[in-house]
$ cat start_35.csv   # CSV, C-alpha atoms
chain,number,residue,atom,x,y,z
A,1,MET,CA,-10.1,-31.2,32.9
A,2,HIS,CA,-9.0,-29.7,29.6
A,3,LYS,CA,-6.2,-30.5,27.2
A,4,VAL,CA,-4.0,-27.7,26.1
A,5,ALA,CA,-2.4,-27.7,22.7
A,6,ASP,CA,0.1,-25.4,21.0
A,7,ILE,CA,-0.8,-25.1,17.3
A,8,GLU,CA,1.5,-23.7,14.7
A,9,VAL,CA,-0.4,-21.3,12.4
A,10,GLN,CA,2.2,-19.5,10.3
A,11,HIS,CA,-0.6,-17.5,8.5
A,12,ASN,CA,0.9,-14.5,6.8
A,13,ILE,CA,-1.9,-11.8,6.8
A,14,MET,CA,0.0,-9.6,4.2
A,15,ALA,CA,0.5,-12.6,1.9
A,16,ALA,CA,-3.3,-13.0,1.5
A,17,ASN,CA,-3.5,-9.5,0.0
A,18,LYS,CA,-0.3,-10.1,-2.2
A,19,LYS,CA,-1.7,-13.3,-3.5
A,20,LEU,CA,-5.0,-11.6,-4.6
A,21,ALA,CA,-3.0,-8.7,-6.1
A,22,ASP,CA,-1.0,-11.2,-8.2
A,23,LYS,CA,-4.2,-12.7,-9.3
A,24,ASN,CA,-5.6,-9.3,-10.3
A,25,LEU,CA,-2.4,-8.5,-12.3
A,26,LYS,CA,-2.6,-11.8,-14.1
A,27,LYS,CA,-6.3,-11.2,-15.0
A,28,LEU,CA,-5.4,-7.8,-16.4
A,29,GLU,CA,-2.4,-9.0,-18.3
A,30,ASP,CA,-4.4,-11.8,-19.9
A,31,LYS,CA,-6.7,-9.1,-21.3
A,32,GLY,CA,-3.8,-6.9,-22.4
A,33,ILE,CA,-4.5,-4.2,-19.8
A,34,PHE,CA,-1.7,-2.0,-18.3
A,35,SER,CA,-2.6,-0.9,-14.8
A,36,ILE,CA,-1.6,2.1,-12.7
A,37,ASP,CA,-2.0,2.5,-8.9
A,38,MET,CA,-2.4,6.3,-8.4
A,39,VAL,CA,-1.6,7.4,-4.8
A,40,GLY,CA,-1.3,10.7,-3.0
A,41,ALA,CA,-2.8,12.8,-0.3
A,42,ILE,CA,-6.2,14.4,-0.4
A,43,GLY,CA,-6.1,17.4,-2.7
A,44,SER,CA,-2.7,16.5,-4.3
A,45,GLY,CA,-4.1,16.4,-7.8
A,46,LYS,CA,-4.7,12.7,-8.5
A,47,THR,CA,-8.1,13.1,-10.0
A,48,THR,CA,-7.0,16.1,-12.2
A,49,LEU,CA,-4.1,14.0,-13.5
A,50,ILE,CA,-6.5,11.1,-14.2
A,51,GLU,CA,-8.8,13.4,-16.1
A,52,LYS,CA,-6.0,14.5,-18.3
A,53,ILE,CA,-4.7,11.0,-19.0
A,54,VAL,CA,-8.1,9.7,-20.0
A,55,ASP,CA,-8.5,12.7,-22.4
A,56,GLU,CA,-5.4,11.6,-24.3
A,57,ASP,CA,-5.9,9.3,-27.3
A,58,ASP,CA,-3.0,7.0,-26.5
A,59,PHE,CA,-5.1,4.6,-24.4
A,60,LYS,CA,-8.6,3.3,-24.0
A,61,ALA,CA,-8.8,3.9,-20.3
A,62,GLY,CA,-11.1,2.6,-17.5
A,63,VAL,CA,-10.9,3.9,-14.0
A,64,LEU,CA,-11.5,2.6,-10.5
A,65,ALA,CA,-12.1,5.6,-8.3
A,66,GLY,CA,-11.5,4.8,-4.7
A,67,ASP,CA,-13.0,7.0,-2.0
A,68,VAL,CA,-14.0,6.5,1.6
A,69,ILE,CA,-17.7,7.3,1.3
A,70,SER,CA,-18.3,9.8,-1.5
A,71,LYS,CA,-18.5,9.5,-5.3
A,72,PHE,CA,-17.4,13.0,-6.3
A,73,ASP,CA,-14.2,11.8,-8.0
A,74,ALA,CA,-16.0,9.0,-9.9
A,75,ASP,CA,-18.6,11.5,-11.2
A,76,ARG,CA,-15.8,14.0,-12.3
A,77,ILE,CA,-14.1,11.3,-14.3
A,78,LYS,CA,-17.4,10.0,-15.8
A,79,ASN,CA,-17.8,13.4,-17.5
A,80,HIS,CA,-14.8,12.4,-19.7
A,81,ASP,CA,-16.8,9.5,-21.3
A,82,VAL,CA,-14.7,6.7,-20.0
A,83,PRO,CA,-16.0,3.7,-17.9
A,84,VAL,CA,-15.6,4.4,-14.2
A,85,VAL,CA,-16.5,2.3,-11.2
A,86,GLY,CA,-16.6,4.1,-7.8
A,87,VAL,CA,-15.2,2.0,-5.0
A,88,ASN,CA,-16.1,3.1,-1.5
A,89,THR,CA,-14.0,1.7,1.3
A,90,GLY,CA,-16.4,2.7,4.0
A,91,ARG,CA,-14.1,3.3,7.0
A,92,GLU,CA,-10.9,2.0,5.5
A,93,CYS,CA,-8.1,4.3,4.5
A,94,HIS,CA,-6.8,2.4,1.5
A,95,LEU,CA,-7.9,0.1,-1.3
A,96,ASP,CA,-6.9,-3.5,-1.1
A,97,ALA,CA,-6.5,-6.3,-3.6
A,98,HIS,CA,-9.8,-7.8,-2.6
A,99,LEU,CA,-11.8,-4.6,-3.3
A,100,VAL,CA,-10.0,-4.3,-6.7
A,101,ASP,CA,-10.8,-7.9,-7.5
A,102,HIS,CA,-14.5,-7.3,-7.1
A,103,SER,CA,-14.6,-3.9,-8.7
A,104,ILE,CA,-12.8,-4.6,-11.9
A,105,GLU,CA,-15.6,-7.1,-12.8
A,106,ASP,CA,-17.8,-4.1,-13.2
A,107,LEU,CA,-15.6,-2.5,-15.9
A,108,PRO,CA,-15.8,-3.5,-19.6
A,109,LEU,CA,-12.4,-5.1,-19.5
A,110,GLU,CA,-12.7,-6.2,-23.2
A,111,ASP,CA,-12.9,-2.6,-24.3
A,112,ILE,CA,-10.0,-1.0,-22.3
A,113,ASN,CA,-6.2,-1.3,-22.4
A,114,LEU,CA,-5.4,0.9,-19.5
A,115,LEU,CA,-6.7,0.7,-15.9
A,116,ILE,CA,-6.1,3.6,-13.6
A,117,ILE,CA,-6.9,2.8,-9.9
A,118,GLU,CA,-7.3,6.0,-7.9
A,119,ASN,CA,-6.4,5.0,-4.3
A,120,VAL,CA,-7.9,6.7,-1.3
A,121,GLY,CA,-6.2,10.0,-0.4
A,122,ASN,CA,-3.5,8.9,2.0
A,123,LEU,CA,0.3,8.7,2.0
A,124,ILE,CA,0.6,6.0,4.7
A,125,CYS,CA,-1.8,3.1,4.5
A,126,PRO,CA,-1.7,2.3,0.8
A,127,VAL,CA,2.0,1.4,1.1
A,128,ASP,CA,1.2,-2.0,2.6
A,129,PHE,CA,-1.3,-3.1,0.0
A,130,ASP,CA,-0.4,-4.2,-3.5
A,131,LEU,CA,-3.5,-4.0,-5.8
A,132,GLY,CA,-2.2,-5.7,-8.9
A,133,SER,CA,-0.7,-2.8,-10.8
A,134,HIS,CA,2.3,-2.5,-13.1
A,135,LEU,CA,3.1,1.0,-12.1
A,136,ARG,CA,2.6,3.1,-9.0
A,137,ILE,CA,2.5,6.9,-9.4
A,138,VAL,CA,2.5,9.1,-6.3
A,139,VAL,CA,1.3,12.7,-6.6
A,140,VAL,CA,2.4,15.2,-3.9
A,141,SER,CA,1.6,18.9,-4.1
A,142,VAL,CA,3.8,21.7,-2.8
A,143,THR,CA,0.8,22.9,-0.7
A,144,GLU,CA,1.3,19.9,1.5
A,145,GLY,CA,4.6,21.4,2.7
A,146,ASP,CA,8.1,20.8,1.3
A,147,ASP,CA,9.0,18.4,4.1
A,148,THR,CA,6.2,15.9,3.0
A,149,VAL,CA,8.5,13.7,1.0
A,150,GLU,CA,11.1,13.2,3.7
A,151,LYS,CA,8.3,12.7,6.3
A,152,HIS,CA,6.7,9.8,4.3
A,153,PRO,CA,9.6,7.9,2.8
A,154,PHE,CA,7.8,4.6,2.3
A,155,ILE,CA,5.2,5.7,-0.2
A,156,PHE,CA,7.9,7.4,-2.2
A,157,GLN,CA,10.2,4.4,-2.0
A,158,THR,CA,7.5,2.1,-3.4
A,159,SER,CA,6.5,4.4,-6.3
A,160,ASP,CA,7.8,4.3,-9.8
A,161,ILE,CA,6.9,7.9,-10.8
A,162,ILE,CA,7.0,10.7,-8.3
A,163,ILE,CA,5.1,13.8,-9.3
A,164,ILE,CA,5.7,17.1,-7.5
A,165,ASN,CA,2.5,19.0,-8.4
A,166,LYS,CA,1.3,22.6,-8.2
A,167,ILE,CA,4.8,24.1,-8.6
A,168,ASP,CA,3.2,27.3,-10.0
A,169,ILE,CA,2.1,28.2,-6.5
A,170,ALA,CA,5.2,27.0,-4.6
A,171,ASP,CA,6.3,30.6,-3.8
A,172,ALA,CA,2.9,31.6,-2.6
A,173,VAL,CA,2.8,28.7,0.0
A,174,GLY,CA,6.5,29.1,0.9
A,175,ALA,CA,7.5,25.7,-0.4
A,176,ASP,CA,10.7,24.7,-2.2
A,177,ALA,CA,9.8,22.3,-5.0
A,178,ASP,CA,13.5,21.5,-5.7
A,179,LYS,CA,13.9,20.4,-2.1
A,180,MET,CA,11.1,17.9,-2.6
A,181,VAL,CA,12.8,16.7,-5.8
A,182,ALA,CA,16.1,16.2,-4.0
A,183,ASP,CA,14.4,14.4,-1.1
A,184,ALA,CA,12.6,12.1,-3.5
A,185,LYS,CA,15.9,11.4,-5.4
A,186,LYS,CA,17.6,10.5,-2.1
A,187,ILE,CA,14.8,8.2,-1.0
A,188,ASN,CA,14.3,6.5,-4.3
A,189,PRO,CA,17.1,6.9,-6.8
A,190,ASP,CA,15.4,4.7,-9.4
A,191,ALA,CA,12.1,6.7,-9.6
A,192,LYS,CA,11.2,9.1,-12.4
A,193,ILE,CA,10.6,12.5,-10.7
A,194,ILE,CA,8.6,15.1,-12.5
A,195,LYS,CA,7.7,18.6,-11.5
A,196,THR,CA,4.2,19.6,-12.7
A,197,SER,CA,1.4,22.1,-12.7
A,198,PHE,CA,-1.6,20.6,-14.4
A,199,LYS,CA,-3.4,23.9,-14.2
A,200,GLU,CA,-0.5,25.7,-16.0
A,201,GLU,CA,0.1,22.8,-18.4
A,202,ILE,CA,3.6,22.1,-17.0
A,203,GLY,CA,5.1,18.6,-17.1
A,204,PHE,CA,2.1,16.6,-18.2
A,205,ASP,CA,3.7,15.5,-21.5
A,206,GLU,CA,6.6,14.1,-19.6
A,207,VAL,CA,4.3,12.2,-17.3
A,208,MET,CA,2.5,10.7,-20.4
A,209,ASN,CA,5.9,9.8,-22.0
A,210,GLU,CA,7.0,8.0,-18.8
A,211,ILE,CA,3.8,6.1,-18.5
A,212,LYS,CA,4.3,4.9,-22.1
A,213,ASN,CA,7.9,4.0,-21.4
A,214,PHE,CA,6.9,1.9,-18.4
A,215,GLN,CA,4.2,0.2,-20.5
A,216,LYS,CA,6.8,-0.6,-23.2
A,217,ASN,CA,9.2,-2.2,-20.7
A,218,ILE,CA,6.9,-4.6,-18.9
B,1,MET,CA,-7.1,3.1,10.4
B,2,HIS,CA,-5.9,0.0,8.6
B,3,GLU,CA,-5.1,-1.6,12.0
B,4,LEU,CA,-8.8,-2.6,11.8
B,5,SER,CA,-8.5,-4.7,8.6
B,6,MET,CA,-5.2,-6.2,9.8
B,7,ALA,CA,-6.8,-7.0,13.2
B,8,GLN,CA,-9.8,-8.6,11.4
B,9,GLY,CA,-7.4,-10.8,9.3
B,10,ILE,CA,-5.6,-11.9,12.4
B,11,VAL,CA,-8.7,-12.7,14.4
B,12,ASN,CA,-10.3,-14.6,11.5
B,13,SER,CA,-7.1,-16.6,11.1
B,14,VAL,CA,-7.0,-17.5,14.8
B,15,ILE,CA,-10.7,-18.5,14.9
B,16,GLU,CA,-10.4,-20.6,11.8
B,17,THR,CA,-7.3,-22.5,13.1
B,18,ALA,CA,-8.9,-22.8,16.6
B,19,GLU,CA,-12.1,-24.3,15.2
B,20,ALA,CA,-10.3,-26.6,12.8
B,21,ASN,CA,-8.5,-28.0,15.9
B,22,ASP,CA,-11.7,-28.4,18.0
B,23,ALA,CA,-10.7,-25.7,20.5
B,24,THR,CA,-13.0,-24.7,23.3
B,25,GLU,CA,-11.0,-21.6,24.0
B,26,VAL,CA,-7.9,-19.8,22.8
B,27,ASN,CA,-5.4,-19.0,25.6
B,28,GLU,CA,-2.5,-17.4,23.7
B,29,VAL,CA,-1.8,-16.0,20.3
B,30,VAL,CA,1.7,-15.1,19.1
B,31,ILE,CA,2.0,-12.5,16.2
B,32,GLU,CA,5.0,-11.3,14.4
B,33,ILE,CA,4.9,-7.8,12.7
B,34,GLY,CA,7.7,-6.6,10.5
B,35,LYS,CA,9.0,-3.1,11.2
B,36,LEU,CA,8.2,-2.0,7.7
B,37,VAL,CA,4.5,-2.8,8.1
B,38,LEU,CA,3.0,0.6,8.9
B,39,ILE,CA,1.0,-0.6,11.9
B,40,ASN,CA,0.9,0.7,15.4
B,41,PRO,CA,1.1,-2.3,17.7
B,42,GLU,CA,-0.9,-0.6,20.5
B,43,GLN,CA,-3.8,0.3,18.1
B,44,LEU,CA,-3.6,-3.2,16.7
B,45,SER,CA,-4.0,-4.7,20.2
B,46,PHE,CA,-7.0,-2.5,20.9
B,47,MET,CA,-8.7,-3.5,17.6
B,48,ILE,CA,-8.0,-7.2,18.2
B,49,GLY,CA,-9.6,-6.8,21.7
B,50,VAL,CA,-12.8,-5.2,20.1
B,51,LEU,CA,-13.0,-7.9,17.4
B,52,SER,CA,-12.4,-10.8,19.7
B,53,GLU,CA,-15.4,-10.0,22.0
B,54,ASN,CA,-17.9,-12.8,22.2
B,55,THR,CA,-15.6,-15.2,20.3
B,56,ILE,CA,-13.5,-18.1,21.5
B,57,VAL,CA,-10.5,-15.7,21.3
B,58,GLU,CA,-12.0,-13.3,23.8
B,59,LYS,CA,-9.8,-14.3,26.8
B,60,ALA,CA,-6.6,-15.0,24.8
B,61,LYS,CA,-3.4,-13.2,25.7
B,62,PHE,CA,-1.8,-11.7,22.5
B,63,GLU,CA,1.9,-11.5,22.2
B,64,ILE,CA,3.1,-9.1,19.5
B,65,ASN,CA,6.7,-9.4,18.4
B,66,GLU,CA,8.3,-6.8,16.2
B,67,ILE,CA,10.6,-8.3,13.5
B,68,PRO,CA,13.6,-6.2,12.3
B,69,VAL,CA,14.1,-5.3,8.7
B,70,GLU,CA,16.6,-7.8,7.2
B,71,ILE,CA,18.3,-6.7,4.1
B,72,LYS,CA,21.0,-7.7,1.6
B,73,CYS,CA,23.1,-5.2,-0.2
B,74,PRO,CA,24.3,-6.2,-3.8
B,75,GLU,CA,27.0,-3.4,-3.7
B,76,CYS,CA,28.9,-4.3,-0.5
B,77,ASN,CA,27.4,-7.7,0.3
B,78,PHE,CA,26.2,-6.5,3.7
B,79,HIS,CA,23.6,-8.9,5.1
B,80,GLY,CA,21.8,-7.9,8.3
B,81,ASN,CA,19.3,-5.6,9.8
B,82,ALA,CA,18.6,-2.0,8.6
B,83,GLU,CA,19.0,0.7,11.2
B,84,THR,CA,16.9,3.7,12.1
B,85,ASP,CA,18.3,6.6,10.2
B,86,ASP,CA,19.1,10.1,11.4
B,87,LEU,CA,16.1,11.8,9.7
B,88,ASP,CA,13.9,11.4,12.7
B,89,HIS,CA,12.0,8.4,11.4
B,90,TYR,CA,10.9,5.8,13.9
B,91,ALA,CA,10.8,2.9,11.3
B,92,PRO,CA,14.0,1.9,9.7
B,93,MET,CA,14.9,3.7,6.4
B,94,VAL,CA,15.5,1.0,3.9
B,95,GLU,CA,19.1,1.5,3.0
B,96,CYS,CA,22.4,-0.4,3.5
B,97,PRO,CA,23.8,0.7,6.9
B,98,LYS,CA,27.3,0.0,5.6
B,99,CYS,CA,27.4,1.8,2.3
B,100,GLU,CA,24.1,3.7,2.3
B,101,ASN,CA,23.0,2.1,-1.0
B,102,LYS,CA,19.2,2.3,-1.4
B,103,ARG,CA,18.9,-0.4,-4.1
B,104,ILE,CA,18.9,-3.3,-1.7
B,105,SER,CA,16.9,-6.5,-1.3
B,106,ILE,CA,14.5,-6.7,1.6
B,107,LEU,CA,14.5,-10.2,3.0
B,108,ASN,CA,12.3,-9.8,6.0
B,109,GLY,CA,10.3,-7.2,7.9
B,110,LYS,CA,7.3,-6.6,5.5
B,111,ASP,CA,5.0,-9.3,6.9
B,112,CYS,CA,2.4,-9.7,9.5
B,113,ILE,CA,2.3,-13.4,10.6
B,114,VAL,CA,0.1,-15.3,13.1
B,115,LYS,CA,2.8,-17.6,14.3
B,116,ASN,CA,1.1,-20.0,16.7
B,117,ILE,CA,-1.8,-20.3,19.1
B,118,VAL,CA,-2.3,-22.1,22.4
B,119,ILE,CA,-5.8,-23.6,22.7
B,120,GLU,CA,-7.8,-25.6,25.1
B,121,LYS,CA,-9.7,-28.7,24.0
B,122,SER,CA,-12.2,-30.8,25.8
B,123,ASP,CA,-11.1,-34.4,26.7
B,124,ASP,CA,-13.5,-36.2,24.5

$ encode --input "start_35.csv" --output "structure tokens"
Amino acid sequence: MHKVADIEVQHNIMAANKKLADKNLKKLEDKGIFSIDMVGAIGSGKTTLIEKIVDEDDFKAGVLAGDVISKFDADRIKNHDVPVVGVNTGRECHLDAHLVDHSIEDLPLEDINLLIIENVGNLICPVDFDLGSHLRIVVVSVTEGDDTVEKHPFIFQTSDIIIINKIDIADAVGADADKMVADAKKINPDAKIIKTSFKEEIGFDEVMNEIKNFQKNI
Amino acid sequence: MHELSMAQGIVNSVIETAEANDATEVNEVVIEIGKLVLINPEQLSFMIGVLSENTIVEKAKFEINEIPVEIKCPECNFHGNAETDDLDHYAPMVECPKCENKRISILNGKDCIVKNIVIEKSDD
């Protein structure tokens, strides 16, 4: 004969990540570090944007380069003489606060004032996972199709800066960059939306200015 | 594939609670998933099944309840659930269904909660 008991658990699985994210943010703020969660699909231009940001003299940057199994992105950024830690998620499609918590320990936190966290290339899964950042930037390229923004509203809703990238080749791939801007505005009226081509040097200064504005206002 | 990490979090939470209460077996688990959590309940169930193998949760029946997105609108004071929009999205677009304002407060629907479990205990 067994006894049966109904036990109230009330364990919030999402809250565990959020709690760790808050801890990460506090740790970074205590060291005077501004942090950016960089999200976007595979091939949207996240790594190129990070390379350009770390080349500027405005910040002393450190980078966490998230990837599923490879270290190509980490190696690319290392060539710019900034501290980089590659974070492999193995089979997971996003970074989480736990991985970030461990990985930032490997960065020289005393020597940097900007942390860029390059998330895994994915427009869906990172939405649910705060990492401990002040600012989320989403990079979407016209090559993904000009319906990408309206198809993935949540990532655009949770981002502070929305970058529509590779606008120089929009005609060649039959995409309307202005439609993507309009969709983004509709989904997230508070976000800063910037059209760019990092290859053709379009829009990057505006991106830097917005990052500095956000940093000033925290 | 983040159903896997979510499932792992759920199974760990159930096992911890069950063991803390001297359970010999877990019969039932009730989970609540907000509609804004980008999780497919069917995939989640499959992953939970895989991760529960050879544990005291193995035979448990999992009940997954979807929780609607509850919002409050500072513009028109609407307080209630967000609706599915007409842009062919399955999950609710987070806007006020009354005045279409998108600057709203989300009160519920972003969480994944293990609500309660029913366990068996030995008599001694």

$ closest_residue --input "start_35.csv" --among "A:Ala172, A:Cys125, A:Ile112, A:Ile211" --to "chain B" --atoms "all atoms listed in the file"
A:Cys125

$ residues_near_point --input "start_35.csv" --point "(-6.4, 3.1, 5.2)" --cutoff "6 Å" --atoms "all atoms listed in the file" --output "list in words"
Glu92, Cys93, His94 and Cys125 of chain A; Met1 and His2 of chain B

$ closest_residue --input "start_35.csv" --among "A:Val173, A:Val87, A:Ile77, A:Ile187" --to "chain B" --atoms "all atoms listed in the file"
A:Ile187

$ interface_residues --input "start_35.csv" --of "chain B" --to "chain A" --cutoff "10 Å" --atoms "all atoms listed in the file" --output "count of residues only"
55

$ closest_residue --input "start_35.csv" --among "A:Val84, A:Val181, A:Val120, A:Leu95" --to "Leu107 (chain A)" --atoms "all atoms listed in the file"
A:Val84

$ atom_distance --input "start_35.csv" --atom1 "CA of Val140 (chain A)" --atom2 "CA of Ala21 (chain A)"
24.6 Å

$ residues_around --input "start_35.csv" --residues "Ile36 (chain A)" --least-positions-apart "4" --cutoff "6 Å" --atoms "only C-alpha atoms" --output "PyMOL selection string"
chain A and resi 116+133+135-136

$ write_last_selection --input "start_35.csv" --atoms "C-alpha atoms" --output "PDB file, in the coordinates of the input"
ATOM      1  CA  ILE A 116      -6.100   3.600 -13.600  1.00  0.00           C
ATOM      2  CA  SER A 133      -0.700  -2.800 -10.800  1.00  0.00           C
ATOM      3  CA  LEU A 135       3.100   1.000 -12.100  1.00  0.00           C
ATOM      4  CA  ARG A 136       2.600   3.100  -9.000  1.00  0.00           C
TER       5      ARG A 136
END

$ atom_distance --input "start_35.csv" --atom1 "CA of Leu64 (chain A)" --atom2 "CA of His102 (chain A)"
10.9 Å

$ closest_residue --input "start_35.csv" --among "A:Lys192, A:Lys71, A:Lys18, A:Lys23" --to "Glu206 (chain A)" --atoms "only C-alpha atoms"
A:Lys192

$ atom_distance --input "start_35.csv" --atom1 "CA of Ile169 (chain A)" --atom2 "CA of Val142 (chain A)"
7.7 Å

$ residues_around --input "start_35.csv" --residues "region 70-79 of chain B" --least-positions-apart "2" --cutoff "7 Å" --atoms "all atoms listed in the file" --output "number ranges by chain"
B: 68, 81-82, 96, 98-99, 104-109

$ closest_residue --input "start_35.csv" --among "A:Ala177, A:Leu28, A:Ile53, A:Ile69" --to "Ile104 (chain A)" --atoms "all atoms listed in the file"
A:Leu28

$ closest_residue --input "start_35.csv" --among "A:Glu118, A:Asp58, A:Asp178, A:Asp101" --to "Gln215 (chain A)" --atoms "all atoms listed in the file"
A:Asp58

$ residues_near_point --input "start_35.csv" --point "(-16.1, -2.0, -9.2)" --cutoff "12 Å" --atoms "all atoms listed in the file" --output "PyMOL selection string"
chain A and resi 62-67+74+83-89+95+97-109+115+117-118

$ decode --input "start_35.csv" --residues "region 36-44 of chain A" --atoms "all heavy atoms" --output "mmCIF file, in the first residue's frame"
data_model
loop_
_atom_site.group_PDB
_atom_site.id
_atom_site.type_symbol
_atom_site.label_atom_id
_atom_site.label_comp_id
_atom_site.auth_asym_id
_atom_site.auth_seq_id
_atom_site.Cartn_x
_atom_site.Cartn_y
_atom_site.Cartn_z
ATOM 1 N N ILE A 36 26.035 44.308 -24.730
ATOM 2 C CA ILE A 36 25.128 44.209 -25.888
ATOM 3 C C ILE A 36 24.910 42.743 -26.242
ATOM 4 O O ILE A 36 25.860 41.976 -26.362
ATOM 5 C CB ILE A 36 25.750 44.908 -27.127
ATOM 6 C CG1 ILE A 36 26.017 46.389 -26.855
ATOM 7 C CG2 ILE A 36 24.843 44.739 -28.352
ATOM 8 C CD1 ILE A 36 26.771 47.086 -27.989
ATOM 9 N N ASP A 37 23.629 42.363 -26.407
ATOM 10 C CA ASP A 37 23.282 41.036 -26.918
ATOM 11 C C ASP A 37 23.011 41.212 -28.412
ATOM 12 O O ASP A 37 22.090 41.914 -28.806
ATOM 13 C CB ASP A 37 22.025 40.553 -26.175
ATOM 14 C CG ASP A 37 21.483 39.216 -26.686
ATOM 15 O OD1 ASP A 37 22.224 38.505 -27.382
ATOM 16 O OD2 ASP A 37 20.317 38.898 -26.372
ATOM 17 N N MET A 38 23.856 40.603 -29.248
ATOM 18 C CA MET A 38 23.739 40.764 -30.700
ATOM 19 C C MET A 38 23.071 39.520 -31.282
ATOM 20 O O MET A 38 23.636 38.431 -31.213
ATOM 21 C CB MET A 38 25.158 40.927 -31.276
ATOM 22 C CG MET A 38 25.222 41.280 -32.726
ATOM 23 S SD MET A 38 24.953 43.034 -33.014
ATOM 24 C CE MET A 38 26.529 43.716 -32.517
ATOM 25 N N VAL A 39 21.870 39.683 -31.820
ATOM 26 C CA VAL A 39 21.148 38.536 -32.363
ATOM 27 C C VAL A 39 20.868 38.724 -33.852
ATOM 28 O O VAL A 39 20.921 39.833 -34.377
ATOM 29 C CB VAL A 39 19.807 38.291 -31.611
ATOM 30 C CG1 VAL A 39 20.032 37.963 -30.157
ATOM 31 C CG2 VAL A 39 18.885 39.499 -31.740
ATOM 32 N N GLY A 40 20.543 37.646 -34.519
ATOM 33 C CA GLY A 40 20.235 37.695 -35.949
ATOM 34 C C GLY A 40 20.462 36.324 -36.555
ATOM 35 O O GLY A 40 21.069 35.455 -35.932
ATOM 36 N N ALA A 41 19.975 36.138 -37.766
ATOM 37 C CA ALA A 41 20.087 34.826 -38.413
ATOM 38 C C ALA A 41 21.534 34.550 -38.851
ATOM 39 O O ALA A 41 22.391 35.437 -38.832
ATOM 40 C CB ALA A 41 19.154 34.771 -39.622
ATOM 41 N N ILE A 42 21.767 33.339 -39.268
ATOM 42 C CA ILE A 42 23.067 32.964 -39.825
ATOM 43 C C ILE A 42 23.307 33.787 -41.090
ATOM 44 O O ILE A 42 22.448 33.850 -41.968
ATOM 45 C CB ILE A 42 23.087 31.454 -40.166
ATOM 46 C CG1 ILE A 42 22.931 30.620 -38.895
ATOM 47 C CG2 ILE A 42 24.349 31.074 -40.930
ATOM 48 C CD1 ILE A 42 22.568 29.169 -39.154
ATOM 49 N N GLY A 43 24.451 34.458 -41.175
ATOM 50 C CA GLY A 43 24.783 35.208 -42.382
ATOM 51 C C GLY A 43 24.158 36.588 -42.474
ATOM 52 O O GLY A 43 24.227 37.244 -43.516
ATOM 53 N N SER A 44 23.558 37.082 -41.385
ATOM 54 C CA SER A 44 22.911 38.401 -41.447
ATOM 55 C C SER A 44 23.921 39.542 -41.382
ATOM 56 O O SER A 44 23.647 40.645 -41.857
ATOM 57 C CB SER A 44 21.895 38.537 -40.312
ATOM 58 O OG SER A 44 22.545 38.390 -39.065
#
